[in-house]
Amino acid sequence: MQSLVNKRILLGVTGGIAAYKSAEVIRRLIDLGAIVKVVMTPSAHDFITPLTLQALSGNPVHTKLLDTEAEAAMGHIELARWADVILITPASANFIARMAAGQADDLLSTLCLASRSVVAIAPAMNQAMWRNRSTQNNLTNLGNRGIKIFGPDEGSQACGDTGPGRMLEPQDIANLTSGLFETGSLAGLRVVITAGPTREDIDPVRYISNNSSGKMGYALVEAALEAGAETILISGPVGLNPPDRAKTIYVKSAEEMHRVSIREAAKCQLFIACAAVADYRPKQKLTKKVKKDSDFMDISLIKNPDIASDVSALCNKPFTVGFAAETQENNESLEKIAFEKLQRKKLDLIIANDISNGSIGFDSDYNSVVAIDEYSSEIFPRVRKTQLSRQLISKISQKIKIKNKEL
Ligand SMILES: Cc1cc2nc3c(=O)[nH]c(=O)nc-3n(C[C@H](O)[C@H](O)[C@H](O)COP(=O)(O)O)c2cc1C
């Protein structure tokens, strides 16, 4: 089933006759659930008005590189970071040439260079322009750089010619865009992901918990689904909607999360322990609300079981990934603390982030992490958690393939 639910598509429109079809592309993308923002080249204005594209996308259309209204006039960087995918329909021969040369002489070409997101183009031009060796060389160059090329189609053209160069139909473009998210890298695998905080009851109204929002774990669930995995989410109490295609099991306490995790982990090939599980719980849960009689209240705490360690100790253990949210202390590096955890818990991979940096991690939509295994570490710079989760799932699936070959 095609879906683009909550996917952020930055639609680039360049100057060609097929620009009018970009209006229909927006509608088809939105039909599949996407959020669309439009960027036009100056030439594109000659073919379709920004007003039409603004009305259809429901968002202001961006045209100028220098946007004094954007914070610190860095609108192009904001847009580049915002996009899950940059989709250019139509892509003119001229724009393809500019991209191939790595030019950054207008807003659209600049943010293509500034973005780490997937870029896809739907070329549209006269058949002779398409066949021209210069255009073909430029397309080979873009293909080699990982840029996806949708079409073109063959048939009658606006100029009266017949041949290759017609832009694909809007519905086909929307479907191919949806396909970009379906990587299939975890196809056939059962994946269990824990997310959110746990709550450790003190009495019927009070509890100990932490600041985890669950956003990272929920983003990983979406990425695992896109990668084709049968996905089970074990979620602590969060304010997020359950993912559509995953089986979601809600739990409250660390002990409950531990019990459900061990049960589900025994039946999966990949376990990702992303939840911020409370390390300790009150030794006794009081059955009656504690009165405010005394100036002091002593709560005695007892250690909770370690879910990731216990999963990796299972006799038929899944590939086990742990998360380490650390505040760096005594100049001890994040990587050193995480590596020690990786070994102690016998994990296959650990994903560490520094929560003393307030712009990432807990409750933020952004994160920056370092992924560490026995032999190597890789830094993933600050991006949206939705994008980061896809990068992490891609890395994890590669590691699983390598491990399976070794066995
Ligand atoms: C009427 C007209 C139609 C055009 N149609 C196309 C087209 O379909 N494809 C194309 O690559 N260029 C086409 N061009 C040429 C582009 O508009 C021109 O190369 C322009 O510089 C593209 O700018 P951009 O790539 O920055 O948007 C057309 C030009 C005109 C005047």
# chains A, B, ... in the order shown; residues from 1 in each chain; ligands from 1
>>> residues_near_ligand(ligand="ligand 1", cutoff="10 Å", atoms="only C-alpha atoms and all ligand atoms", output="VMD selection string")
chain A and resid 12 to 19 40 to 47 90 to 99 105 to 106 108 to 109 123 to 127 129 to 130 135 157 to 159 165 to 167
>>> residues_around(residues="A:Lys401", least_positions_apart="2", cutoff="12 Å", atoms="only C-alpha atoms", output="PyMOL selection string")
chain A and resi 185-187+189+269-270+319+394-399+403-407
>>> select_by_dssp(residues="stretch 251-365 of chain A", states="helix (DSSP H, G or I)", output="list in words")
Ala254, Glu255, Glu256, Met257, His258, Arg259, Val260, Ser261, Ile262, Arg263, Glu264, Ala265, Ile307, Ala308, Ser309, Asp310, Val311, Ser312, Leu334, Glu335, Lys336, Ile337, Ala338, Phe339, Glu340, Lys341, Leu342, Gln343 and Arg344 of chain A
>>> atom_distance(atom1="atom CA of A:Ile299", atom2="atom CA of A:Lys283")
7.7 Å
>>> closest_atom_pairs(of="stretch 46-97 of chain A", to="stretch 28-31 of chain A", cutoff="12 Å", atoms="only C-alpha atoms", output="Markdown table")
| residue | atom | partner | partner_atom | distance |
| --- | --- | --- | --- | --- |
| A:Leu56 | CA | A:Ile30 | CA | 9.1 |
| A:Ser57 | CA | A:Ile30 | CA | 7.8 |
| A:Gly58 | CA | A:Ile30 | CA | 10.1 |
| A:Val85 | CA | A:Leu29 | CA | 11.9 |
| A:Leu87 | CA | A:Leu29 | CA | 10.7 |
>>> closest_residue(among="A:Ile234, A:Arg384, A:Phe339, A:Gly143", to="A:Arg263", atoms="only C-alpha atoms")
A:Ile234
>>> residues_around(residues="A:Arg190", least_positions_apart="4", cutoff="10 Å", atoms="only C-alpha atoms", output="ChimeraX atom specification")
/A:186,224,228-232,264-265,267-271,318
>>> write_last_selection(atoms="C-alpha atoms", output="mmCIF file, in the first residue's frame")
data_model
loop_
_atom_site.group_PDB
_atom_site.id
_atom_site.type_symbol
_atom_site.label_atom_id
_atom_site.label_comp_id
_atom_site.auth_asym_id
_atom_site.auth_seq_id
_atom_site.Cartn_x
_atom_site.Cartn_y
_atom_site.Cartn_z
ATOM 1 C CA LEU A 186 14.563 -5.579 7.071
ATOM 2 C CA ALA A 224 11.553 -0.365 10.634
ATOM 3 C CA GLY A 228 9.650 -4.024 5.602
ATOM 4 C CA ALA A 229 9.918 -5.482 9.112
ATOM 5 C CA GLU A 230 7.032 -6.924 11.094
ATOM 6 C CA THR A 231 7.326 -4.452 13.940
ATOM 7 C CA ILE A 232 6.287 -4.661 17.574
ATOM 8 C CA GLU A 264 8.591 -10.730 22.586
ATOM 9 C CA ALA A 265 12.408 -10.779 22.173
ATOM 10 C CA LYS A 267 10.393 -14.449 18.967
ATOM 11 C CA CYS A 268 12.274 -11.719 17.075
ATOM 12 C CA GLN A 269 15.500 -11.281 15.071
ATOM 13 C CA LEU A 270 16.181 -7.650 16.055
ATOM 14 C CA PHE A 271 15.598 -6.021 19.437
ATOM 15 C CA PRO A 318 18.206 -11.472 18.586
#
>>> closest_residue(among="A:Gly163, A:Pro282, A:Gly196, A:Gly151", to="A:Phe323", atoms="only C-alpha atoms")
A:Gly196
>>> closest_residue(among="A:Ile173, A:Ile202, A:Leu180, A:Glu374", to="A:Gly146", atoms="only C-alpha atoms")
A:Leu180
>>> residues_around(residues="A:Lys285", least_positions_apart="3", cutoff="10 Å", atoms="only C-alpha atoms", output="VMD selection string")
chain A and resid 200 to 204 206 to 207 281 to 282 288 299
>>> residues_around(residues="A:Ile372", least_positions_apart="2", cutoff="6 Å", atoms="only C-alpha atoms", output="ChimeraX atom specification")
/A:349-350,376-377
>>> select_by_dssp(residues="stretch 75-155 of chain A", states="strand (DSSP E)", output="PyMOL selection string")
chain A and resi 85-91+118-123+148-149+153-155
>>> write_last_selection(atoms="N, CA and C atoms", output="mmCIF file, in the first residue's frame")
data_model
loop_
_atom_site.group_PDB
_atom_site.id
_atom_site.type_symbol
_atom_site.label_atom_id
_atom_site.label_comp_id
_atom_site.auth_asym_id
_atom_site.auth_seq_id
_atom_site.Cartn_x
_atom_site.Cartn_y
_atom_site.Cartn_z
ATOM 1 N N VAL A 85 12.484 14.210 1.746
ATOM 2 C CA VAL A 85 12.843 13.986 0.339
ATOM 3 C C VAL A 85 12.726 15.311 -0.407
ATOM 4 N N ILE A 86 13.684 15.590 -1.303
ATOM 5 C CA ILE A 86 13.534 16.714 -2.233
ATOM 6 C C ILE A 86 13.135 16.101 -3.569
ATOM 7 N N LEU A 87 11.964 16.504 -4.054
ATOM 8 C CA LEU A 87 11.421 15.944 -5.297
ATOM 9 C C LEU A 87 11.298 17.081 -6.302
ATOM 10 N N ILE A 88 11.938 16.957 -7.464
ATOM 11 C CA ILE A 88 11.917 18.058 -8.431
ATOM 12 C C ILE A 88 11.095 17.660 -9.650
ATOM 13 N N THR A 89 9.928 18.314 -9.787
ATOM 14 C CA THR A 89 9.015 18.010 -10.904
ATOM 15 C C THR A 89 8.481 19.309 -11.479
ATOM 16 N N PRO A 90 8.657 19.621 -12.706
ATOM 17 C CA PRO A 90 9.556 18.928 -13.613
ATOM 18 C C PRO A 90 11.001 19.358 -13.362
ATOM 19 N N ALA A 91 11.942 18.515 -13.770
ATOM 20 C CA ALA A 91 13.355 18.902 -13.741
ATOM 21 C C ALA A 91 13.753 19.255 -15.161
ATOM 22 N N VAL A 118 17.264 12.386 0.632
ATOM 23 C CA VAL A 118 17.189 11.780 -0.709
ATOM 24 C C VAL A 118 16.670 12.836 -1.685
ATOM 25 N N VAL A 119 17.271 12.889 -2.878
ATOM 26 C CA VAL A 119 16.795 13.810 -3.920
ATOM 27 C C VAL A 119 16.318 12.970 -5.106
ATOM 28 N N ALA A 120 15.109 13.297 -5.594
ATOM 29 C CA ALA A 120 14.574 12.605 -6.769
ATOM 30 C C ALA A 120 14.150 13.653 -7.792
ATOM 31 N N ILE A 121 14.372 13.348 -9.078
ATOM 32 C CA ILE A 121 13.971 14.303 -10.125
ATOM 33 C C ILE A 121 13.089 13.597 -11.147
ATOM 34 N N ALA A 122 12.127 14.344 -11.682
ATOM 35 C CA ALA A 122 11.297 13.833 -12.780
ATOM 36 C C ALA A 122 11.580 14.713 -13.997
ATOM 37 N N PRO A 123 12.544 14.297 -14.857
ATOM 38 C CA PRO A 123 12.903 15.147 -16.006
ATOM 39 C C PRO A 123 11.721 15.322 -16.957
ATOM 40 N N LYS A 148 17.817 9.976 -7.445
ATOM 41 C CA LYS A 148 16.853 9.087 -8.108
ATOM 42 C C LYS A 148 16.260 9.798 -9.304
ATOM 43 N N ILE A 149 16.111 9.062 -10.384
ATOM 44 C CA ILE A 149 15.569 9.661 -11.613
ATOM 45 C C ILE A 149 14.271 8.937 -11.966
ATOM 46 N N ASP A 153 8.798 9.534 -19.528
ATOM 47 C CA ASP A 153 7.944 8.722 -20.372
ATOM 48 C C ASP A 153 8.231 9.048 -21.845
ATOM 49 N N GLU A 154 7.643 8.262 -22.707
ATOM 50 C CA GLU A 154 7.732 8.571 -24.146
ATOM 51 C C GLU A 154 6.354 8.957 -24.639
ATOM 52 N N GLY A 155 6.297 9.688 -25.746
ATOM 53 C CA GLY A 155 4.982 9.987 -26.321
ATOM 54 C C GLY A 155 4.983 11.330 -27.006
#
>>> atom_distance(atom1="atom CA of A:Lys303", atom2="atom CA of A:Ser261")
17.5 Å
>>> atom_distance(atom1="atom CA of A:Tyr218", atom2="atom CA of A:Asp365")
11.4 Å
>>> closest_residue(among="A:Thr386, A:Gly160, A:Pro237, A:Pro60", to="A:Ala83", atoms="only C-alpha atoms")
A:Thr386
>>> closest_residue(among="A:Pro243, A:Gly322, A:Pro381, A:Pro305", to="A:Ala273", atoms="only C-alpha atoms")
A:Gly322
